[in-house]
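Data block for model_23.csv (CSV, C-alpha atoms and all ligand atoms):
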```
chain,number,residue,atom,x,y,z
A,1,MET,CA,15.9,-20.7,-4.4
A,2,LYS,CA,15.3,-17.8,-2.1
A,3,LYS,CA,12.0,-17.7,-0.2
A,4,ILE,CA,10.8,-14.3,0.9
A,5,PRO,CA,7.5,-14.1,2.8
A,6,LEU,CA,5.1,-11.1,2.7
A,7,LEU,CA,5.7,-10.7,6.5
A,8,ASP,CA,8.0,-12.6,8.9
A,9,LEU,CA,6.6,-12.8,12.4
A,10,GLN,CA,9.0,-15.5,13.5
A,11,ALA,CA,11.9,-13.2,12.7
A,12,GLN,CA,10.3,-10.5,14.8
A,13,TYR,CA,9.7,-13.0,17.7
A,14,ALA,CA,13.4,-14.0,17.7
A,15,THR,CA,14.3,-10.4,18.5
A,16,ILE,CA,12.0,-10.2,21.6
A,17,ARG,CA,11.7,-13.8,22.7
A,18,ASP,CA,13.1,-13.5,26.2
A,19,ASP,CA,10.9,-10.5,27.1
A,20,ILE,CA,7.8,-12.1,25.7
A,21,ARG,CA,8.4,-15.3,27.6
A,22,GLN,CA,9.0,-13.4,30.8
A,23,ALA,CA,5.8,-11.4,30.3
A,24,VAL,CA,3.7,-14.4,29.5
A,25,ASP,CA,5.0,-16.3,32.4
A,26,ASN,CA,4.2,-13.4,34.8
A,27,VAL,CA,0.6,-13.5,33.6
A,28,LEU,CA,0.4,-17.3,34.0
A,29,GLU,CA,1.8,-17.1,37.5
A,30,GLY,CA,-0.3,-14.0,38.3
A,31,GLY,CA,-3.7,-15.8,37.9
A,32,ALA,CA,-5.7,-12.9,36.3
A,33,TYR,CA,-6.3,-13.9,32.6
A,34,ILE,CA,-8.9,-11.5,31.3
A,35,MET,CA,-9.0,-7.7,31.8
A,36,GLY,CA,-6.5,-7.6,34.6
A,37,PRO,CA,-3.6,-5.3,35.4
A,38,GLU,CA,-1.8,-5.8,32.0
A,39,VAL,CA,-4.9,-4.6,30.1
A,40,LYS,CA,-5.1,-1.5,32.3
A,41,LYS,CA,-1.5,-0.7,31.8
A,42,LEU,CA,-1.7,-1.3,28.1
A,43,GLU,CA,-4.7,1.0,27.9
A,44,GLN,CA,-2.8,3.7,29.8
A,45,GLU,CA,0.3,3.3,27.6
A,46,ILE,CA,-1.7,3.4,24.3
A,47,ALA,CA,-3.6,6.5,25.5
A,48,GLU,CA,-0.3,8.2,26.3
A,49,PHE,CA,1.3,7.0,23.0
A,50,CYS,CA,-1.6,8.4,21.0
A,51,GLY,CA,-2.1,11.5,23.1
A,52,VAL,CA,-5.8,10.7,23.8
A,53,LYS,CA,-7.8,10.8,27.0
A,54,HIS,CA,-9.2,7.2,26.8
A,55,ALA,CA,-8.1,3.9,25.5
A,56,ILE,CA,-10.3,0.9,25.9
A,57,GLY,CA,-9.2,-2.7,25.1
A,58,VAL,CA,-11.6,-5.0,23.3
A,59,ALA,CA,-11.6,-8.5,21.7
A,60,ASN,CA,-10.5,-7.5,18.2
A,61,GLY,CA,-10.5,-4.6,15.7
A,62,THR,CA,-13.9,-5.4,14.3
A,63,ASP,CA,-15.5,-5.2,17.7
A,64,ALA,CA,-13.7,-1.9,18.3
A,65,LEU,CA,-15.5,-0.5,15.3
A,66,LEU,CA,-18.8,-2.1,16.3
A,67,LEU,CA,-18.8,-0.9,19.9
A,68,VAL,CA,-18.0,2.7,18.9
A,69,LEU,CA,-20.8,2.9,16.3
A,70,ASP,CA,-23.2,1.3,18.8
A,71,ALA,CA,-22.2,3.9,21.5
A,72,ALA,CA,-22.6,6.7,18.9
A,73,GLY,CA,-26.2,5.6,18.4
A,74,VAL,CA,-25.9,4.2,14.9
A,75,GLY,CA,-28.9,2.0,14.1
A,76,PRO,CA,-31.7,1.1,11.6
A,77,GLY,CA,-32.5,3.9,9.2
A,78,ASP,CA,-29.1,5.5,9.5
A,79,GLU,CA,-26.6,5.8,6.7
A,80,VAL,CA,-22.8,5.6,7.4
A,81,ILE,CA,-20.4,6.6,4.6
A,82,THR,CA,-17.2,4.7,4.2
A,83,THR,CA,-14.7,3.5,1.5
A,84,PRO,CA,-15.2,0.3,-0.5
A,85,PHE,CA,-11.4,0.0,-0.8
A,86,THR,CA,-10.8,-1.7,2.6
A,87,PHE,CA,-11.1,-4.9,4.6
A,88,PHE,CA,-14.8,-6.0,4.9
A,89,ALA,CA,-15.0,-5.2,8.6
A,90,SER,CA,-15.2,-1.5,8.0
A,91,ALA,CA,-18.6,-1.9,6.4
A,92,GLU,CA,-19.7,-5.1,8.1
A,93,VAL,CA,-20.1,-3.4,11.4
A,94,ILE,CA,-22.5,-0.8,9.9
A,95,SER,CA,-24.7,-3.6,8.6
A,96,GLN,CA,-24.6,-5.5,11.9
A,97,LEU,CA,-26.2,-2.5,13.6
A,98,GLY,CA,-29.0,-2.4,11.0
A,99,ALA,CA,-27.7,0.7,9.3
A,100,THR,CA,-26.8,1.1,5.6
A,101,PRO,CA,-23.2,1.4,4.4
A,102,VAL,CA,-22.9,4.1,1.7
A,103,PHE,CA,-19.7,3.9,-0.4
A,104,ALA,CA,-17.7,6.9,-1.5
A,105,ASP,CA,-14.8,6.6,-4.0
A,106,ILE,CA,-11.2,7.0,-3.2
A,107,ASP,CA,-8.3,9.2,-4.2
A,108,PRO,CA,-6.3,7.3,-6.9
A,109,LYS,CA,-3.0,8.3,-5.4
A,110,THR,CA,-3.4,7.7,-1.7
A,111,TYR,CA,-6.2,5.1,-2.0
A,112,ASN,CA,-7.9,6.8,0.9
A,113,ILE,CA,-11.5,8.1,0.9
A,114,ASP,CA,-12.0,11.2,-1.2
A,115,VAL,CA,-13.6,14.0,0.8
A,116,GLU,CA,-15.4,15.4,-2.2
A,117,GLN,CA,-16.9,12.0,-2.9
A,118,VAL,CA,-18.1,11.8,0.7
A,119,ARG,CA,-19.7,15.3,0.4
A,120,ALA,CA,-21.6,14.1,-2.6
A,121,LYS,CA,-23.0,11.1,-0.7
A,122,ILE,CA,-24.4,13.0,2.4
A,123,THR,CA,-28.2,12.8,2.8
A,124,ASN,CA,-30.5,13.7,5.7
A,125,LYS,CA,-30.0,10.1,6.9
A,126,THR,CA,-26.3,10.2,7.2
A,127,LYS,CA,-25.1,9.7,10.7
A,128,ALA,CA,-21.4,9.0,10.6
A,129,ILE,CA,-18.3,8.7,8.4
A,130,ILE,CA,-15.7,5.9,8.7
A,131,PRO,CA,-12.4,7.0,7.0
A,132,VAL,CA,-9.9,4.1,6.9
A,133,HIS,CA,-6.2,4.9,7.0
A,134,ILE,CA,-5.5,2.3,4.3
A,135,PHE,CA,-2.1,0.6,4.2
A,136,GLY,CA,-0.9,2.9,7.0
A,137,GLN,CA,-1.3,6.3,5.3
A,138,PRO,CA,-3.6,8.8,7.0
A,139,ALA,CA,-6.7,10.0,5.3
A,140,GLU,CA,-7.3,13.7,4.7
A,141,MET,CA,-8.5,14.2,8.3
A,142,ASP,CA,-8.7,18.1,8.5
A,143,GLU,CA,-11.0,18.4,5.5
A,144,LEU,CA,-13.0,15.5,6.6
A,145,MET,CA,-13.6,16.9,10.1
A,146,LYS,CA,-14.6,20.2,8.6
A,147,LEU,CA,-17.2,18.5,6.4
A,148,ALA,CA,-18.4,16.4,9.4
A,149,GLU,CA,-18.8,19.5,11.5
A,150,GLN,CA,-20.9,21.2,8.9
A,151,HIS,CA,-23.3,18.3,8.8
A,152,ASN,CA,-23.1,17.3,12.5
A,153,LEU,CA,-21.7,13.8,11.7
A,154,PHE,CA,-19.8,11.4,13.9
A,155,VAL,CA,-16.3,10.4,12.6
A,156,LEU,CA,-14.8,7.1,13.4
A,157,GLU,CA,-11.2,6.5,12.2
A,158,ASP,CA,-10.6,2.9,11.3
A,159,ALA,CA,-6.9,2.9,12.1
A,160,ALA,CA,-6.5,-0.9,12.2
A,161,GLN,CA,-3.6,-0.6,9.7
A,162,ALA,CA,-2.1,2.7,11.0
A,163,ILE,CA,-1.2,2.8,14.6
A,164,ASP,CA,1.5,5.5,15.1
A,165,ALA,CA,0.7,7.2,11.8
A,166,GLU,CA,0.4,11.0,12.0
A,167,PHE,CA,-1.5,13.6,10.1
A,168,LYS,CA,-0.1,17.1,10.4
A,169,ASN,CA,2.0,16.1,13.4
A,170,LYS,CA,-1.0,14.7,15.3
A,171,LYS,CA,-1.4,11.0,15.8
A,172,ILE,CA,-4.3,9.4,14.0
A,173,GLY,CA,-7.0,8.2,16.3
A,174,ASN,CA,-7.0,11.8,17.6
A,175,TRP,CA,-8.7,13.5,14.7
A,176,GLY,CA,-12.1,11.8,14.7
A,177,HIS,CA,-14.5,11.4,17.6
A,178,ALA,CA,-13.0,8.0,18.1
A,179,GLY,CA,-10.4,5.7,16.5
A,180,THR,CA,-9.9,2.0,16.5
A,181,PHE,CA,-6.9,-0.3,16.3
A,182,SER,CA,-6.6,-4.0,15.6
A,183,PHE,CA,-3.9,-6.2,17.2
A,184,PHE,CA,-4.4,-9.0,14.7
A,185,PRO,CA,-1.0,-10.7,14.4
A,186,THR,CA,-0.2,-9.3,11.0
A,187,LYS,CA,-0.9,-5.6,11.9
A,188,ASN,CA,2.0,-3.2,12.7
A,189,LEU,CA,1.3,-3.8,16.4
A,190,GLY,CA,0.1,-7.4,16.4
A,191,GLY,CA,-0.5,-9.8,19.3
A,192,TYR,CA,-0.3,-13.6,19.4
A,193,GLY,CA,-4.0,-13.9,18.8
A,194,ASP,CA,-6.9,-11.4,18.5
A,195,GLY,CA,-7.1,-8.0,20.2
A,196,GLY,CA,-8.3,-4.5,19.6
A,197,MET,CA,-8.5,-1.0,21.1
A,198,ILE,CA,-10.7,2.0,21.0
A,199,VAL,CA,-9.2,5.5,21.5
A,200,THR,CA,-11.3,8.7,22.1
A,201,ASN,CA,-11.2,12.1,23.8
A,202,ASP,CA,-15.0,11.9,24.3
A,203,ASP,CA,-15.9,10.9,27.9
A,204,GLN,CA,-19.4,9.7,27.0
A,205,ILE,CA,-18.2,7.4,24.2
A,206,ALA,CA,-15.5,6.1,26.5
A,207,GLU,CA,-18.0,5.3,29.3
A,208,LYS,CA,-20.4,3.7,27.0
A,209,VAL,CA,-18.0,1.4,25.3
A,210,ARG,CA,-16.5,0.4,28.6
A,211,ILE,CA,-20.1,-0.8,29.6
A,212,LEU,CA,-20.8,-2.3,26.2
A,213,ARG,CA,-17.7,-4.6,26.2
A,214,VAL,CA,-18.9,-6.3,29.4
A,215,HIS,CA,-22.5,-7.2,28.4
A,216,GLY,CA,-23.8,-3.7,29.0
A,217,SER,CA,-23.2,-4.0,32.8
A,218,ASN,CA,-22.1,-1.5,35.4
A,219,PRO,CA,-21.5,-2.6,38.0
A,220,LYS,CA,-21.1,-6.3,37.3
A,221,TYR,CA,-24.5,-8.1,37.0
A,222,TYR,CA,-26.4,-4.9,36.8
A,223,HIS,CA,-27.3,-4.4,33.1
A,224,SER,CA,-28.3,-1.1,31.7
A,225,MET,CA,-27.7,-1.9,28.0
A,226,ILE,CA,-27.6,-4.8,25.6
A,227,GLY,CA,-23.9,-5.2,25.2
A,228,TYR,CA,-21.3,-7.6,24.0
A,229,ASN,CA,-18.7,-10.0,25.3
A,230,SER,CA,-15.7,-8.2,24.0
A,231,ARG,CA,-12.8,-8.2,26.3
A,232,LEU,CA,-9.0,-8.1,25.8
A,233,ASP,CA,-7.1,-10.8,27.5
A,234,GLU,CA,-4.1,-10.5,29.7
A,235,LEU,CA,-1.7,-12.6,27.7
A,236,GLN,CA,-2.3,-10.5,24.6
A,237,ALA,CA,-2.0,-7.3,26.6
A,238,ALA,CA,1.3,-8.4,28.2
A,239,ALA,CA,2.8,-9.3,24.9
A,240,LEU,CA,1.5,-6.1,23.3
A,241,ARG,CA,3.1,-4.0,26.0
A,242,ILE,CA,6.5,-5.5,25.2
A,243,LYS,CA,5.9,-4.8,21.5
A,244,LEU,CA,4.6,-1.3,22.0
A,245,ARG,CA,8.1,-0.3,23.2
A,246,HIS,CA,9.5,-1.2,19.7
A,247,LEU,CA,6.6,0.1,17.6
A,248,ARG,CA,8.1,3.5,16.7
A,249,ASP,CA,11.4,1.9,15.6
A,250,TRP,CA,9.7,-0.9,13.7
A,251,ASN,CA,7.5,1.7,11.9
A,252,ASP,CA,10.6,3.8,11.2
A,253,ALA,CA,12.3,0.7,9.7
A,254,ARG,CA,9.2,0.1,7.5
A,255,ARG,CA,9.4,3.7,6.3
A,256,GLN,CA,13.1,3.4,5.5
A,257,LYS,CA,12.6,0.1,3.6
A,258,ALA,CA,9.7,1.7,1.7
A,259,ALA,CA,12.0,4.5,0.6
A,260,ILE,CA,14.5,2.0,-0.6
A,261,TYR,CA,11.9,0.3,-2.7
A,262,ASP,CA,10.8,3.7,-4.1
A,263,GLU,CA,14.3,4.2,-5.3
A,264,LEU,CA,14.9,0.7,-6.6
A,265,LEU,CA,11.7,0.6,-8.5
A,266,LYS,CA,11.5,4.1,-9.8
A,267,ASP,CA,12.4,3.6,-13.4
A,268,LEU,CA,10.2,0.5,-13.8
A,269,PRO,CA,6.7,0.3,-15.3
A,270,VAL,CA,5.0,-0.2,-11.9
A,271,VAL,CA,3.4,2.6,-9.8
A,272,THR,CA,5.0,2.9,-6.4
A,273,PRO,CA,3.1,4.3,-3.3
A,274,TYR,CA,2.3,8.0,-3.3
A,275,HIS,CA,3.4,9.5,0.0
A,276,ALA,CA,1.2,12.6,0.6
A,277,GLU,CA,2.5,15.7,2.4
A,278,ASP,CA,2.2,16.3,6.1
A,279,ARG,CA,1.7,12.6,6.9
A,280,ARG,CA,3.7,10.0,8.8
A,281,HIS,CA,2.9,6.9,6.7
A,282,VAL,CA,3.6,3.7,8.6
A,283,TYR,CA,3.5,1.3,5.6
A,284,HIS,CA,1.4,-1.5,6.9
A,285,LEU,CA,1.7,-2.7,3.3
A,286,TYR,CA,3.8,-1.6,0.4
A,287,ILE,CA,1.4,-1.5,-2.5
A,288,ILE,CA,2.3,-1.3,-6.2
A,289,GLN,CA,0.3,-1.1,-9.4
A,290,ALA,CA,1.0,-3.1,-12.5
A,291,ASP,CA,-0.9,-3.3,-15.8
A,292,ASP,CA,-0.3,-7.0,-16.0
A,293,ARG,CA,-0.7,-7.8,-12.3
A,294,ALA,CA,-1.3,-11.5,-12.7
A,295,GLY,CA,1.7,-12.0,-14.8
A,296,LEU,CA,4.0,-10.0,-12.5
A,297,MET,CA,2.7,-11.8,-9.4
A,298,ASN,CA,3.2,-15.1,-11.0
A,299,HIS,CA,6.8,-14.2,-12.0
A,300,LEU,CA,7.5,-13.2,-8.4
A,301,LYS,CA,6.0,-16.4,-7.1
A,302,GLU,CA,8.1,-18.5,-9.4
A,303,ASN,CA,11.1,-16.7,-7.9
A,304,GLY,CA,10.2,-17.4,-4.3
A,305,ILE,CA,8.7,-14.0,-3.5
A,306,ALA,CA,5.3,-13.8,-1.8
A,307,THR,CA,2.8,-11.2,-2.8
A,308,GLY,CA,-0.9,-10.5,-1.8
A,309,ILE,CA,-3.9,-8.6,-3.2
A,310,TYR,CA,-5.5,-6.2,-0.7
A,311,TYR,CA,-8.4,-6.5,-1.6
A,312,PRO,CA,-9.6,-8.3,-4.8
A,313,VAL,CA,-13.2,-7.2,-4.6
A,314,PRO,CA,-14.2,-3.7,-3.5
A,315,LEU,CA,-17.0,-3.8,-0.9
A,316,HIS,CA,-19.8,-2.4,-3.0
A,317,ARG,CA,-19.2,-5.3,-5.4
A,318,GLN,CA,-19.4,-8.0,-2.8
A,319,ASN,CA,-22.2,-10.5,-3.2
A,320,VAL,CA,-23.7,-9.7,0.2
A,321,TYR,CA,-24.1,-6.1,-0.9
A,322,GLU,CA,-25.8,-6.8,-4.2
A,323,SER,CA,-29.1,-5.5,-2.9
A,324,LEU,CA,-27.5,-2.0,-2.3
A,325,GLY,CA,-27.5,-1.7,-6.1
A,326,TYR,CA,-24.0,-0.6,-6.9
A,327,GLY,CA,-23.4,-1.8,-10.5
A,328,VAL,CA,-20.1,-2.4,-12.3
A,329,GLY,CA,-18.5,1.0,-12.8
A,330,SER,CA,-20.5,2.8,-10.1
A,331,ILE,CA,-17.4,3.5,-8.0
A,332,PRO,CA,-14.8,3.5,-10.7
A,333,ILE,CA,-11.5,4.3,-9.0
A,334,SER,CA,-11.9,1.7,-6.3
A,335,GLU,CA,-12.8,-0.9,-9.0
A,336,LYS,CA,-9.8,0.0,-11.1
A,337,MET,CA,-7.4,-0.1,-8.1
A,338,ALA,CA,-8.8,-3.5,-7.0
A,339,ASP,CA,-7.7,-4.8,-10.4
A,340,ARG,CA,-4.2,-3.3,-10.5
A,341,THR,CA,-2.8,-3.2,-7.0
A,342,PHE,CA,-0.9,-5.8,-4.9
A,343,ALA,CA,1.6,-5.9,-2.0
A,344,ILE,CA,5.2,-7.0,-2.1
A,345,PRO,CA,7.1,-8.1,1.1
A,346,LEU,CA,7.7,-5.3,3.7
A,347,TYR,CA,8.5,-5.8,7.3
A,348,PRO,CA,11.1,-4.3,9.7
A,349,GLU,CA,13.4,-7.3,9.5
A,350,LEU,CA,13.5,-7.4,5.6
A,351,THR,CA,17.1,-7.1,4.4
A,352,ARG,CA,18.5,-4.8,1.8
A,353,GLU,CA,19.7,-7.8,0.0
A,354,ASP,CA,16.2,-9.2,-0.2
A,355,GLN,CA,14.9,-5.9,-1.4
A,356,GLU,CA,17.5,-5.8,-4.2
A,357,TYR,CA,16.6,-9.3,-5.2
A,358,ILE,CA,12.9,-8.4,-5.3
A,359,ALA,CA,13.5,-5.3,-7.3
A,360,GLN,CA,15.8,-7.2,-9.7
A,361,THR,CA,13.2,-9.9,-10.1
A,362,ILE,CA,10.6,-7.2,-11.1
A,363,ARG,CA,13.2,-5.7,-13.5
A,364,ASN,CA,13.8,-9.0,-15.1
A,365,TYR,CA,10.0,-9.4,-15.8
A,366,TYR,CA,10.0,-6.2,-17.9
A,367,LYS,CA,13.2,-7.2,-19.9
B,401,LIG,C1,-7.7,-5.8,10.3
B,401,LIG,C2,-8.7,-4.8,10.0
B,401,LIG,C3,-9.9,-4.7,10.7
B,401,LIG,C4,-10.4,-5.8,11.6
B,401,LIG,O1,-9.6,-6.1,12.7
B,401,LIG,P1,-9.7,-7.5,13.4
B,401,LIG,O2,-8.8,-7.3,14.6
B,401,LIG,O3,-9.2,-8.5,12.5
B,401,LIG,O4,-11.1,-7.7,13.8
B,401,LIG,C5,-10.8,-3.7,10.4
B,401,LIG,N1,-10.5,-2.7,9.5
B,401,LIG,C6,-9.3,-2.8,8.8
B,401,LIG,C7,-9.0,-1.7,7.8
B,401,LIG,C8,-8.4,-3.8,9.0
B,401,LIG,O5,-7.3,-3.9,8.2
```

structure tokens encoding of this file:
Amino acid sequence: MKKIPLLDLQAQYATIRDDIRQAVDNVLEGGAYIMGPEVKKLEQEIAEFCGVKHAIGVANGTDALLLVLDAAGVGPGDEVITTPFTFFASAEVISQLGATPVFADIDPKTYNIDVEQVRAKITNKTKAIIPVHIFGQPAEMDELMKLAEQHNLFVLEDAAQAIDAEFKNKKIGNWGHAGTFSFFPTKNLGGYGDGGMIVTNDDQIAEKVRILRVHGSNPKYYHSMIGYNSRLDELQAAALRIKLRHLRDWNDARRQKAAIYDELLKDLPVVTPYHAEDRRHVYHLYIIQADDRAGLMNHLKENGIATGIYYPVPLHRQNVYESLGYGVGSIPISEKMADRTFAIPLYPELTREDQEYIAQTIRNYYK
């Protein structure tokens, strides 16, 4: 039987093996293993790639969010509005700083935070908004920035799933006051371990996060803030620099394969992704909806096709947030989508033949 994974990182490695080995060997021979020349170069290259003034490497995508919020002054008594239809880290960092996450519902088509729902949740305690470009599709950044300006709110783009995505021809990470990326291995630009990056055009935020990532010190051993140990290491940076050269093409391949699925699945009783206007969607995941999700996922599994649910429990319904008091039905669209959506395999190396097999397997389920 065929076996198709959700993502095939070994297939990707096979295409860049020699370059990665050379880059890793250079670091090992060079003797600088944390925040050395490779990190500096990667920061410059990412800044240039995104068209932003500053890029600052950190230990992972969660820390990237945390350090930005800390630098923006988020703390106890503050409220930060975000989406519950995301990975836990988007809200976790708010709580880690002693602030309160406030959840606003999503648009049922794009799965991104709904600007009108955000507007309805603003109070005099609101300090910031964290839109998440979920599955690689940019959120409605122009309307969101307008709203934020009206209320003097800080906007942090969680772009962990969306590096190289664009909204109205401008790269994401460039719309908010800051943006963050994750280099977790499964992300569109993934390392061989953990890594993250902050991008911003704001000089003050950039300076603060640079200090925060090294225990709040500047210069070394002179501490002006309580900070973190959150550095990017050289091996990751060296590998990421190799991969960054391919990112645009890899994302284009994801987009092409997504379009092929759209076509192959269009007359079946599943809902394929909605691609909103004026956006470069980088398809971190290809998400479909089905009435009988469990049945269809099981049928795919029995035919060797991996699938995954992103994410089964919306954040306002997580046990740890029970005290926030969001009951069942309080954020209805996010709850509905958490029950209906799942990902099918999508990665740059996926073959047309495999896509046809996957589509045929879905078709057989509905026969
Ligand atoms: C992956 C991810 C993160 C966290 O990144 P890590 O590098 O794993 O810490 C944050 N937000 C979203 C939306 C993510 O997908």

**Asked** Between A:Ala258, A:Met145, A:Ala162, A:Val39, which is the closest to Glu234 of chain A once you count all atoms listed in the file?
**Response** A:Val39

Fewer than 2 positions away in the same chain doesn't count, so skip those; otherwise give me all residues within 9 Å of segment 166-180 of chain A, counting only C-alpha atoms, as an mmCIF file with C-alpha atoms, in the frame of the given file.
```
data_model
loop_
_atom_site.group_PDB
_atom_site.id
_atom_site.type_symbol
_atom_site.label_atom_id
_atom_site.label_comp_id
_atom_site.auth_asym_id
_atom_site.auth_seq_id
_atom_site.Cartn_x
_atom_site.Cartn_y
_atom_site.Cartn_z
ATOM 1 C CA PHE A 49 1.300 7.000 23.000
ATOM 2 C CA CYS A 50 -1.600 8.400 21.000
ATOM 3 C CA GLY A 51 -2.100 11.500 23.100
ATOM 4 C CA VAL A 52 -5.800 10.700 23.800
ATOM 5 C CA GLY A 61 -10.500 -4.600 15.700
ATOM 6 C CA THR A 62 -13.900 -5.400 14.300
ATOM 7 C CA ALA A 64 -13.700 -1.900 18.300
ATOM 8 C CA LEU A 65 -15.500 -0.500 15.300
ATOM 9 C CA VAL A 68 -18.000 2.700 18.900
ATOM 10 C CA HIS A 133 -6.200 4.900 7.000
ATOM 11 C CA GLN A 137 -1.300 6.300 5.300
ATOM 12 C CA PRO A 138 -3.600 8.800 7.000
ATOM 13 C CA ALA A 139 -6.700 10.000 5.300
ATOM 14 C CA GLU A 140 -7.300 13.700 4.700
ATOM 15 C CA MET A 141 -8.500 14.200 8.300
ATOM 16 C CA ASP A 142 -8.700 18.100 8.500
ATOM 17 C CA LEU A 144 -13.000 15.500 6.600
ATOM 18 C CA MET A 145 -13.600 16.900 10.100
ATOM 19 C CA PHE A 154 -19.800 11.400 13.900
ATOM 20 C CA VAL A 155 -16.300 10.400 12.600
ATOM 21 C CA LEU A 156 -14.800 7.100 13.400
ATOM 22 C CA GLU A 157 -11.200 6.500 12.200
ATOM 23 C CA ASP A 158 -10.600 2.900 11.300
ATOM 24 C CA ALA A 159 -6.900 2.900 12.100
ATOM 25 C CA ALA A 160 -6.500 -0.900 12.200
ATOM 26 C CA ALA A 162 -2.100 2.700 11.000
ATOM 27 C CA ILE A 163 -1.200 2.800 14.600
ATOM 28 C CA ASP A 164 1.500 5.500 15.100
ATOM 29 C CA SER A 182 -6.600 -4.000 15.600
ATOM 30 C CA GLY A 196 -8.300 -4.500 19.600
ATOM 31 C CA MET A 197 -8.500 -1.000 21.100
ATOM 32 C CA ILE A 198 -10.700 2.000 21.000
ATOM 33 C CA VAL A 199 -9.200 5.500 21.500
ATOM 34 C CA THR A 200 -11.300 8.700 22.100
ATOM 35 C CA ASN A 201 -11.200 12.100 23.800
ATOM 36 C CA ASP A 202 -15.000 11.900 24.300
ATOM 37 C CA ILE A 205 -18.200 7.400 24.200
ATOM 38 C CA ALA A 206 -15.500 6.100 26.500
ATOM 39 C CA GLU A 277 2.500 15.700 2.400
ATOM 40 C CA ASP A 278 2.200 16.300 6.100
ATOM 41 C CA ARG A 279 1.700 12.600 6.900
ATOM 42 C CA ARG A 280 3.700 10.000 8.800
ATOM 43 C CA HIS A 281 2.900 6.900 6.700
ATOM 44 C CA VAL A 282 3.600 3.700 8.600
#
```

**Request:** Please measure the separation of atom CA of Leu315 of chain A and atom CA of Pro84 of chain A, giving the value in Å to one decimal.
**Result:**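 Distance between the two atoms: 4.5 Å.
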
**Item:** Nearby residues, ligand LIG 401 (chain B), 10 Å, all atoms listed in the file, as number ranges by chain
**Value:** A: 58-66, 83, 85-93, 131-136, 157-162, 180-187, 190-191, 193-197, 284, 310

**Message:** Just want the 9 Å neighbourhood of Val313 of chain A, counted on all atoms listed in the file, with same-chain residues fewer than 4 positions away dropped. Output as a ChimeraX atom specification.
**Reply:** /A:84-85,317-318,335,338-339

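Take atom CA of Lys266 of chain A and atom CA of Lys2 of chain A: the distance between them is 23.5 Å.
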
**Message:** List the spatial neighbours of Val209 of chain A as an NGL selection string - criterion: any atom at most 8 Å away, only C-alpha atoms, same-chain residues fewer than 2 positions off excluded.
**Reply:** :A and (56 or 67-68 or 71 or 205-207 or 211-213)

**Message:** Calculated over only C-alpha atoms, which of the candidates A:Met337, A:Ile288, A:Ala128, A:Ala237 has the smallest distance to Ala359 of chain A?
**Reply:** A:Ile288

**Pick from A:Asp354, A:Glu149, A:Asp233, A:Glu48 nearest to Ile4 of chain A, counting all atoms listed in the file** =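 The answer is A:Asp354, which sits nearest to Ile4 of chain A.
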
**Straight-line distance linking atom CA of Leu247 of chain A with atom CA of Tyr13 of chain A, stated in Å to one decimal** =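 We find that atom CA of Leu247 of chain A and atom CA of Tyr13 of chain A lie 13.5 Å from each other.
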
For the interface of segment 207-276 of chain A with segment 104-111 of chain A (cut-off 10 Å, counting only C-alpha atoms), please tabulate each contacting residue of segment 207-276 of chain A alongside its nearest pair of atoms and their separation in Å to one decimal, rows sorted by chain and increasing number, as JSON lines.
```
{"residue": "A:Val271", "atom": "CA", "partner": "A:Lys109", "partner_atom": "CA", "distance": 9.6}
{"residue": "A:Thr272", "atom": "CA", "partner": "A:Lys109", "partner_atom": "CA", "distance": 9.7}
{"residue": "A:Pro273", "atom": "CA", "partner": "A:Thr110", "partner_atom": "CA", "distance": 7.5}
{"residue": "A:Tyr274", "atom": "CA", "partner": "A:Lys109", "partner_atom": "CA", "distance": 5.7}
{"residue": "A:His275", "atom": "CA", "partner": "A:Thr110", "partner_atom": "CA", "distance": 7.2}
{"residue": "A:Ala276", "atom": "CA", "partner": "A:Thr110", "partner_atom": "CA", "distance": 7.1}
```

**Message:** Which residues are near Glu349 of chain A? Cut-off 12 Å, only C-alpha atoms, ignore same chain within fewer than 3 positions. Put them as an NGL selection string.
**Reply:** :A and (4-15 or 249-254 or 256-257 or 345-346 or 352-355)

Would you save the residues of that selection, restricted to C-alpha atoms, as a JSON list (two decimals), in the coordinates of the input?
```
[["chain", "number", "residue", "atom", "x", "y", "z"],
["A", 4, "ILE", "CA", 10.80, -14.30, 0.90],
["A", 5, "PRO", "CA", 7.50, -14.10, 2.80],
["A", 6, "LEU", "CA", 5.10, -11.10, 2.70],
["A", 7, "LEU", "CA", 5.70, -10.70, 6.50],
["A", 8, "ASP", "CA", 8.00, -12.60, 8.90],
["A", 9, "LEU", "CA", 6.60, -12.80, 12.40],
["A", 10, "GLN", "CA", 9.00, -15.50, 13.50],
["A", 11, "ALA", "CA", 11.90, -13.20, 12.70],
["A", 12, "GLN", "CA", 10.30, -10.50, 14.80],
["A", 13, "TYR", "CA", 9.70, -13.00, 17.70],
["A", 14, "ALA", "CA", 13.40, -14.00, 17.70],
["A", 15, "THR", "CA", 14.30, -10.40, 18.50],
["A", 249, "ASP", "CA", 11.40, 1.90, 15.60],
["A", 250, "TRP", "CA", 9.70, -0.90, 13.70],
["A", 251, "ASN", "CA", 7.50, 1.70, 11.90],
["A", 252, "ASP", "CA", 10.60, 3.80, 11.20],
["A", 253, "ALA", "CA", 12.30, 0.70, 9.70],
["A", 254, "ARG", "CA", 9.20, 0.10, 7.50],
["A", 256, "GLN", "CA", 13.10, 3.40, 5.50],
["A", 257, "LYS", "CA", 12.60, 0.10, 3.60],
["A", 345, "PRO", "CA", 7.10, -8.10, 1.10],
["A", 346, "LEU", "CA", 7.70, -5.30, 3.70],
["A", 352, "ARG", "CA", 18.50, -4.80, 1.80],
["A", 353, "GLU", "CA", 19.70, -7.80, 0.00],
["A", 354, "ASP", "CA", 16.20, -9.20, -0.20],
["A", 355, "GLN", "CA", 14.90, -5.90, -1.40]]
```
